[in-house]
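**Student:** So that we are looking at the same thing, I have put the structure below in structure tokens.
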Amino acid sequence: MSADKVIRLRVYLCFMGMCLFALAILAKGSMVIFKEGPGLKAYADSLYTDVEILQPERGNIYTEDGSLLSSSIPEFDIRLDLVAIPKDTFNKYINSLSSGLAKIMDNGKTTVDFRYELDAQKKKGSRYYLLARKVNYSQYLKIKELEPFAKGANKGGFMAEARIKRMNPFGILANRTVGIFRENAQNVGLEGAFNENLKGKDGRRIVRKIAGGTYMPIDGSEIDPINGKDLITTLDMNIQDVAENALMKQLEIDQAAYGTCIVMETKTGKIKALANLGRQEDGSYYEDKNYALLGIEPGSTCKVISLISLLNDNKLAIDNTINCGAGSYTIGRRRVTDSHRVGVVTVADALAQSSNIGFFKMIYGNYKDDKDAYINNLKKLHLDQPTGIEINGESKTNLNEKRIHDEEYLIGSMGYGYGLKITPMHLAMVYNAIANNGKMMKPYLVKEVKEYGQAIESYKPVVLNANAVSVNAVRDIKEAMHAVVERGTGKKLKNPYYSICGKTGTARVVDQGIKYSDRVYHASFIGFFPKENPQYTIAVVVRTSKGSRNYFGGQLALPVFQEVANRLYATHVKTPQTYVTTDSLHRTPELKKIQASQFSTIASALGMKTNNAATSGWLQSAKESSDRKWETEAVKFSNSQVPNVKGMGLRNAMTVLESRGLRVIPVGKGKVGAQSIEPGADIKEGQTITIHLG
């Protein structure tokens, strides 16, 4: 082959190789563009972009009257990049900066302390120095405006790490009921039960990394978060405060293990207060568990439940007699005792004297051959299922349906509160049914769920059983429960101002870690008032410490009930006003001829007062229009001084004193004769005053 052909062949081969190489480049480029391109682009973007989660605002929790129970507030950790601050800028502002921090932080550090600290960190070259933790929003805004921080992160070195803190403005009050919100942990109380409503929905946006490592949001990429909904509860913090303080005081006096106090609105089943206090290792008390929802053997408070069964089934009448013996009764291997000799008494007095023997005999004698009938009566009172209250943690009840058939005398023991387990909330629900003329209401804690101020869910009173207690049984049981207060184990509650129906209870505890010999008791008192028109039901249960000297319901639970009931009667109970009008008089045939000018004579005869009867034509009850001495006495002293309440009635005295933030302990009956703190003395926060009536 000639040299010319060889050269031409080589040229052709090189050209073909170049063409093939070009085609390979085109093929690879096409593959990158059309196949690998989207993945590579996403990878490149991931190096410079990120998805930022936008946190929603968690909903607030309120009382029925609008007081804030739980809310989310921001708090910040403040860090400094002292390398980013030029030396001359740092030296220029170090004095004013240190002075400003000392004023804003108010944490005990002086201007000199801050100057020394910042100067040392500047020399050290700190780039992520923690200046302060948990700074509130107001402090954050003020610190951010200080020079050189106001110049931003790049020149001023100011960095803030934000987090959301859940705050309960009322502190310990209803803390366990409101609950706890924690990231990545189990929530309790209403915070846990209504988490889906409260938490809202996350938003998000895309941010791009720019020079200096800062991320900037990309316009149009935002998906706004949806804020959580607000919860409106049935709680009243004034009542809660009274219940919590009364319970705390009694627990501290007796060094009890724990206690609970439930206040329920009779007509609706609304829970107006729910106090739960447990003793801590250091001896203090805190809202650590929902004791109102823990199952207990109720003891003598269960006798009212037994009485409901007996009267609903017409097994006996309230005025029948029962031989309760001399304090001890033995049947087979079962021995039943009373704390004192009761003898032969009526059924009502067996309740008033809290006779275990009497109720053992009544339940065993009437239901030993038909035990299912007794169990079915308990089921009609919804004692075999949860109350349905909104918060989690309610214990299962135990009516021992199987054991009651296997053990001959267990049904008799159940008659006075042993051998079954129900919660204090169940007991409050049953007693409230008696107060509510036999209609059993579901206890509830949440009234509404709101979104941007508009109610999207409303919770109304729920009737569990419209005829839980028969009309005749209600009448008789009320009288028997009133006898408990008038002449029985609850007679310390008797007062001239309003009538109470209730029942004491004492039950020895045998459960996990507690032996019979440890002498641990549940002391309780449950009742409602006023008897004529019940408005509130209160249940108090206190668990004693081992070997406590005081363990009767009348010693531990009754004083708590008394303080709460007295405060409620003075401030919340609506008493009916008595009016006589010309219209009402003229509707009565015998009084048609009475003239308005004769109203003053009628008023005097009825012990009532008139308000210009000749012209306005109405009379008001003397009790309701009682002298307004307290109004004139109140203005004699400033709001920071103890007023003079001597000579006032209980209700007026408590109104005046509590309006100034004083805790009132009334002693005796009648009008105030003496007060433990002299009029004109300066009032201290949380101060207690005792008023002696007589």
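Letters A, B, ... go to the chains of the structure tokens in the order shown; residues in each chain start at 1; ligands are counted from 1 in the same order.
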Could you give me, as a ChimeraX atom specification, each residue of region 129-338 of chain A that DSSP assigns to strand (DSSP E) when run on this structure's backbone?
**Tutor:** /A:129-136,158-167,203-209,215-217,230-233,258-265,271-279,285-286,321-323,328-331,334-337
**Student:** Near Val540 (chain A), within 7 Å and counting only C-alpha atoms, which residues show up once chain neighbours fewer than 4 positions away are dropped, as a PyMOL selection string?
**Tutor:** chain A and resi 260-262+524-526+557+561
**Student:** Residues at most 8 Å from Ser126 (chain A), counting only C-alpha atoms, excluding those fewer than 4 positions away in the same chain, as a ChimeraX atom specification?
**Tutor:** /A:80-83,121-122
**Student:** Mind writing the picked residues with N, CA and C atoms as a compact mmCIF listing (two decimals), in the first residue's frame?
**Tutor:**
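Listed below is the output, part-v6.txt:
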```txt
# COMPACT_ATOMS: atom_id res chain seq x y z
N LEU A 80 -23.92 34.05 71.24
CA LEU A 80 -23.18 35.13 70.59
C LEU A 80 -22.02 34.57 69.78
N ASP A 81 -21.86 35.10 68.54
CA ASP A 81 -20.67 34.86 67.74
C ASP A 81 -19.79 36.09 67.89
N LEU A 82 -18.90 36.04 68.87
CA LEU A 82 -18.08 37.22 69.18
C LEU A 82 -16.99 37.46 68.16
N VAL A 83 -16.68 36.45 67.33
CA VAL A 83 -15.70 36.64 66.25
C VAL A 83 -16.29 37.53 65.15
N GLN A 121 -14.73 36.30 76.76
CA GLN A 121 -15.16 35.44 75.65
C GLN A 121 -14.70 35.99 74.30
N LYS A 122 -14.61 37.32 74.18
CA LYS A 122 -14.09 37.94 72.96
C LYS A 122 -12.63 37.58 72.75
```
**Student:** Residues of region 224-309 of chain A within 10 Å of region 466-489 of chain A: nearest atom pair and distance (Å, one decimal) for each, counting only C-alpha atoms, sorted by chain and number, as JSON lines?
**Tutor:**
```
{"residue": "A:Val304", "atom": "CA", "partner": "A:Ile477", "partner_atom": "CA", "distance": 7.6}
{"residue": "A:Ile305", "atom": "CA", "partner": "A:Val469", "partner_atom": "CA", "distance": 9.9}
{"residue": "A:Leu307", "atom": "CA", "partner": "A:Ile477", "partner_atom": "CA", "distance": 7.4}
{"residue": "A:Ile308", "atom": "CA", "partner": "A:Val469", "partner_atom": "CA", "distance": 6.5}
{"residue": "A:Ser309", "atom": "CA", "partner": "A:Val469", "partner_atom": "CA", "distance": 8.6}
```
**Student:** Generate a file of the selected residues that holds all heavy atoms, formatted as a PDB file, in the first residue's frame.
**Tutor:**
```
ATOM      1  N   VAL A 304     -75.307   4.729 100.926  1.00  0.00           N
ATOM      2  CA  VAL A 304     -76.333   5.468 100.195  1.00  0.00           C
ATOM      3  C   VAL A 304     -76.702   4.720  98.919  1.00  0.00           C
ATOM      4  O   VAL A 304     -77.877   4.652  98.537  1.00  0.00           O
ATOM      5  CB  VAL A 304     -75.838   6.894  99.873  1.00  0.00           C
ATOM      6  CG1 VAL A 304     -76.778   7.596  98.901  1.00  0.00           C
ATOM      7  CG2 VAL A 304     -75.708   7.706 101.158  1.00  0.00           C
ATOM      8  N   ILE A 305     -75.718   4.131  98.269  1.00  0.00           N
ATOM      9  CA  ILE A 305     -75.979   3.335  97.064  1.00  0.00           C
ATOM     10  C   ILE A 305     -76.834   2.122  97.415  1.00  0.00           C
ATOM     11  O   ILE A 305     -77.774   1.774  96.691  1.00  0.00           O
ATOM     12  CB  ILE A 305     -74.644   2.907  96.416  1.00  0.00           C
ATOM     13  CG1 ILE A 305     -73.884   4.143  95.917  1.00  0.00           C
ATOM     14  CG2 ILE A 305     -74.882   1.920  95.276  1.00  0.00           C
ATOM     15  CD1 ILE A 305     -72.488   3.857  95.406  1.00  0.00           C
ATOM     16  N   LEU A 307     -78.905   1.940  99.866  1.00  0.00           N
ATOM     17  CA  LEU A 307     -80.238   2.452 100.192  1.00  0.00           C
ATOM     18  C   LEU A 307     -81.033   2.734  98.920  1.00  0.00           C
ATOM     19  O   LEU A 307     -82.245   2.492  98.869  1.00  0.00           O
ATOM     20  CB  LEU A 307     -80.106   3.723 101.043  1.00  0.00           C
ATOM     21  CG  LEU A 307     -81.335   4.169 101.825  1.00  0.00           C
ATOM     22  CD1 LEU A 307     -81.883   3.041 102.691  1.00  0.00           C
ATOM     23  CD2 LEU A 307     -81.000   5.384 102.686  1.00  0.00           C
ATOM     24  N   ILE A 308     -80.350   3.227  97.876  1.00  0.00           N
ATOM     25  CA  ILE A 308     -81.021   3.433  96.585  1.00  0.00           C
ATOM     26  C   ILE A 308     -81.589   2.108  96.073  1.00  0.00           C
ATOM     27  O   ILE A 308     -82.743   2.029  95.635  1.00  0.00           O
ATOM     28  CB  ILE A 308     -80.044   4.033  95.549  1.00  0.00           C
ATOM     29  CG1 ILE A 308     -79.662   5.461  95.928  1.00  0.00           C
ATOM     30  CG2 ILE A 308     -80.663   4.010  94.147  1.00  0.00           C
ATOM     31  CD1 ILE A 308     -78.568   6.056  95.056  1.00  0.00           C
ATOM     32  N   SER A 309     -80.770   1.058  96.137  1.00  0.00           N
ATOM     33  CA  SER A 309     -81.210  -0.262  95.662  1.00  0.00           C
ATOM     34  C   SER A 309     -82.416  -0.755  96.451  1.00  0.00           C
ATOM     35  O   SER A 309     -83.419  -1.213  95.879  1.00  0.00           O
ATOM     36  CB  SER A 309     -80.052  -1.258  95.773  1.00  0.00           C
ATOM     37  OG  SER A 309     -80.437  -2.537  95.334  1.00  0.00           O
TER      38      SER A 309
END
```
**Student:** Please provide the set of residues having any atom within 12 Å of Lys315 (chain A), restricted to only C-alpha atoms, with same-chain residues fewer than 6 positions apart removed, written as a list in words.
**Tutor:** Ser306, Leu307, Ile308, Ser309, Val347, Met362, Ile363, Tyr364, Gly365, Asn366, Tyr367, Ala373, Tyr374 and Ala473 of chain A
**Student:** May I have the residues from that selection written out with N, CA and C atoms, as a short mmCIF file (atom, residue, chain, number, x, y, z; two decimals), in the first residue's frame?
**Tutor:**
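Writing done, so here's result.cif:
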```cif
data_model
loop_
_atom_site.label_atom_id
_atom_site.label_comp_id
_atom_site.auth_asym_id
_atom_site.auth_seq_id
_atom_site.Cartn_x
_atom_site.Cartn_y
_atom_site.Cartn_z
N SER A 306 -76.52 1.48 98.54
CA SER A 306 -77.34 0.34 98.99
C SER A 306 -78.76 0.78 99.29
N LEU A 307 -78.91 1.94 99.87
CA LEU A 307 -80.24 2.45 100.19
C LEU A 307 -81.03 2.73 98.92
N ILE A 308 -80.35 3.23 97.88
CA ILE A 308 -81.02 3.43 96.59
C ILE A 308 -81.59 2.11 96.07
N SER A 309 -80.77 1.06 96.14
CA SER A 309 -81.21 -0.26 95.66
C SER A 309 -82.42 -0.76 96.45
N VAL A 347 -84.35 2.77 109.54
CA VAL A 347 -83.40 2.70 108.43
C VAL A 347 -82.68 4.03 108.26
N MET A 362 -79.48 -5.62 106.03
CA MET A 362 -80.49 -5.22 105.05
C MET A 362 -80.17 -5.74 103.66
N ILE A 363 -78.90 -5.62 103.23
CA ILE A 363 -78.54 -6.08 101.89
C ILE A 363 -78.51 -7.60 101.83
N TYR A 364 -77.89 -8.24 102.80
CA TYR A 364 -77.81 -9.71 102.79
C TYR A 364 -79.20 -10.33 102.90
N GLY A 365 -80.00 -9.78 103.81
CA GLY A 365 -81.34 -10.34 104.02
C GLY A 365 -82.24 -10.20 102.81
N ASN A 366 -82.10 -9.12 102.05
CA ASN A 366 -83.00 -8.87 100.93
C ASN A 366 -82.48 -9.38 99.58
N TYR A 367 -81.16 -9.63 99.48
CA TYR A 367 -80.62 -10.01 98.17
C TYR A 367 -79.82 -11.33 98.18
N ALA A 373 -79.92 -9.28 91.24
CA ALA A 373 -80.78 -8.10 91.32
C ALA A 373 -80.01 -6.92 91.91
N TYR A 374 -79.20 -7.20 92.93
CA TYR A 374 -78.40 -6.14 93.54
C TYR A 374 -77.35 -5.63 92.56
N ALA A 473 -87.90 7.39 96.48
CA ALA A 473 -86.59 7.08 97.08
C ALA A 473 -85.77 8.35 97.27
#
```
